[in-house]
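Student: Supplied in structure tokens, the structure appears directly below.
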Amino acid sequence: MLTVKTSSEAEDIIFSTFGHIKMDIEEVGILNSVGRILANDIVSTENVPSFNRSTVDGFAVKAQNTFGCSEAIPAILNFKGEVLMGEAPSFEIGKDECAYVPTGGEIPAGADAMVMIEYSEDYGDGTRGMLKPSAPGQHVTFIGDDVKVGQTVLHSGTKLSAHHIGALAALGYESVPVYKKPVVSVISTGDELVDVNESPKGAEVRDINSFTICSALLELGCEYRKIGIIKDDLPLLESVMTKAFEDSDMVIVSGGSSVGVKDSTFKVLDKIGEVLFHGIAIKPGKPTILGNVNGKPGFGLPGHPLAAFYVFNLFVKPLIKSIAGESVSDRDFYNKKTANLTHSIPCNHGREECMGIKLKNENGRTMAEPVYAKSGLISVLSDSDGYIRIARDCEGLSQGEEVEIQLF
């Protein structure tokens with residue numbers, strides 16, 4: 001008989017026990033940092049741009065010298081010269097003077113605006129006509145407009161993507177400090193399991209969970225150790241799990257988490273460590289275990305593929321993100337979507353329920369279609385775009401009701 005915890009109680013136990021853990025820090029080249037978690041804030045030591053820069057091809061001017069000009073009454077300015085790309089101007093702009101500056105070129109001292117080249121005329125006598133007035137600062141990026149010295153450009157906990165790498169390169173970073181990748185060992189248990197390349201006989205089934213969980217770990221930026229299938233042999237499982245805890249930062253075992261005679265995951269975790277809870281009031285996923293082995297988390301997930309995947313997403317994934325140093329709040333926001341149910345969902349189980357959702361477009365509206373399946377069926381995962389969480393005290397959701405979907 002399981003003494004179950006609510007989802008919130010399970011989450012509290014997980015993070016009160018392991019929430020302090022963070023991976024060590026290492027320095028990697030910025031091209032190798034994509035997908036890694038930034039370990040320290042990136043604070044600029046320089047202004048970007050470091051010079052007043054033109055954003056157009058045209059003429060650098062004192063804005064006040066162009067006020068009131070038009071095609072009928074151009075502002076006639078003396079042409080001072082041309083600024084070359086990548087070179088600092090050797091002259092300044094005085095009253096009634098202008099100079100040609102290409103896009104990205106440095107604005108000469110004394111100028112505070114640009115007039116686009118299409119709004120100018122060359123009179124051939126050393127003067128240029130400005131046909132359109134320019135306001136102070138127009139078409140100019142001033143020193144530090146993009147980034148100022150001392151400004152925090154990227155925060156610790158950011159999962160680095162290509163657009164972050166561009167910012168790092170602009171600031172002169174060749175390498176950055178990132179958290180090391182968590183190493184997670186994955187074990188599947190059960191006499192009924194055969195490997196993916198084998199043909200099941202009788203009541204045998206292929207090992208799905210090892211592949212699903214290892215793939216999810218890859219998406220999270222972890223290194224996985226796929227130990228594979230361990231038969232229902234208590235001494236063997238104890239030996240394998242003991243070694244797995246020595247070699248990795250976390251161990252995930254799928255199968256053997258219930259209370260049957262051959263369900264050994266609880267027995268092993270209870271022997272080599274401490275079982276923190278056994279059972280969560282959630283459907284599917286009730287026989288979930290959390291153990292603490294020498295300060296490292298060990299999860300026992302249900303053997304059913306769908307239940308194992310939901311439990312991984314709900315409880316294991318947030319802890320992995322925390323251990324890996326990732327700031328999860330903003331990213332989780334972008335991984336959620338609201339939509340309206342296409343059908344009503346009855347619910348009176350007394351347990352929180354996860355249900356797969358397929359997103360559909362109906363007359364320009366995003367709709368959420370429930371995907372019904374028994375917990376052992378993997379098809380619900382391939383048909384679903386995400387899932388909803390239905391509270392344990394909810395008696396059902398109505399057709400058309402807005403729900404929040406956690407996207408896969």
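Letters for chains follow the order of the structure tokens (A, B, ...), residue numbers begin at 1 for each chain, and ligand numbers begin at 1 in the order shown.
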Residues of range 250-293 of chain A that have any atom at most 8 Å from an atom of range 227-240 of chain A: could you tabulate them with the shortest-distance atom pair and the distance in Å to one decimal, using only C-alpha atoms, ordered by chain and increasing number, as JSON lines?
Tutor:
```
{"residue": "A:Gly256", "atom": "CA", "partner": "A:Asp232", "partner_atom": "CA", "distance": 7.9}
{"residue": "A:Lys262", "atom": "CA", "partner": "A:Asp232", "partner_atom": "CA", "distance": 6.1}
{"residue": "A:Asp263", "atom": "CA", "partner": "A:Asp232", "partner_atom": "CA", "distance": 7.4}
{"residue": "A:Ser264", "atom": "CA", "partner": "A:Leu234", "partner_atom": "CA", "distance": 6.0}
{"residue": "A:Thr265", "atom": "CA", "partner": "A:Leu237", "partner_atom": "CA", "distance": 7.9}
{"residue": "A:Val268", "atom": "CA", "partner": "A:Glu238", "partner_atom": "CA", "distance": 5.5}
{"residue": "A:Ile272", "atom": "CA", "partner": "A:Glu238", "partner_atom": "CA", "distance": 7.9}
```
Student: Neighbours of Val34 in chain A within 9 Å (only C-alpha atoms; same-chain residues fewer than 4 positions away dropped), as an mmCIF file with C-alpha atoms, in the first residue's frame?
Tutor:
```cif
data_model
loop_
_atom_site.group_PDB
_atom_site.id
_atom_site.type_symbol
_atom_site.label_atom_id
_atom_site.label_comp_id
_atom_site.auth_asym_id
_atom_site.auth_seq_id
_atom_site.Cartn_x
_atom_site.Cartn_y
_atom_site.Cartn_z
ATOM 1 C CA ILE A 30 31.571 30.557 -27.349
ATOM 2 C CA LYS A 159 20.490 28.892 -21.788
ATOM 3 C CA LEU A 160 22.723 30.177 -24.560
ATOM 4 C CA SER A 161 21.420 30.327 -28.138
ATOM 5 C CA ALA A 162 22.795 31.668 -31.411
ATOM 6 C CA HIS A 164 23.414 35.240 -27.455
ATOM 7 C CA ILE A 165 26.638 34.189 -29.183
#
```
Student: In Å to one decimal, how far is CA of Ile21 in chain A from CA of Val178 in chain A?
Tutor: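 Between these atoms lies a distance of 15.2 Å.
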Student: Check the smallest atom-to-atom distance from each of A:His20, A:Arg206, A:Lys132, A:Arg53 to Glu71 in chain A using only C-alpha atoms, then report the winner.
Tutor: A:Lys132
Student: Name the residues of range 24-213 of chain A that come out as helix (DSSP H, G or I) in a backbone DSSP run; write them as a list in words.
Tutor: Ile30, Leu31, Asn32, Ala63, Gln64, Asn65, Thr66, Ile117, Glu118, Tyr119, Ala162, His163, His164, Ile165, Gly166, Ala167, Leu168, Ala169, Ala170, Asn209, Ser210, Phe211, Thr212 and Ile213 of chain A
Student: Taking 4 positions as the minimum chain separation for residues in the same chain, which residues sit within 8 Å of Leu407 in chain A when counting only C-alpha atoms? Answer as a list in words.
Tutor: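 Here the qualifying residues turn out to be Asn335, Lys336, Lys337, Asp385, Gly386 and Tyr387 of chain A.
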Student: Can you work out the spacing between CA of Thr55 in chain A and CA of Ala99 in chain A in Å, to one decimal?
Tutor: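 One can read the CA of Thr55 in chain A to CA of Ala99 in chain A distance as 14.5 Å.
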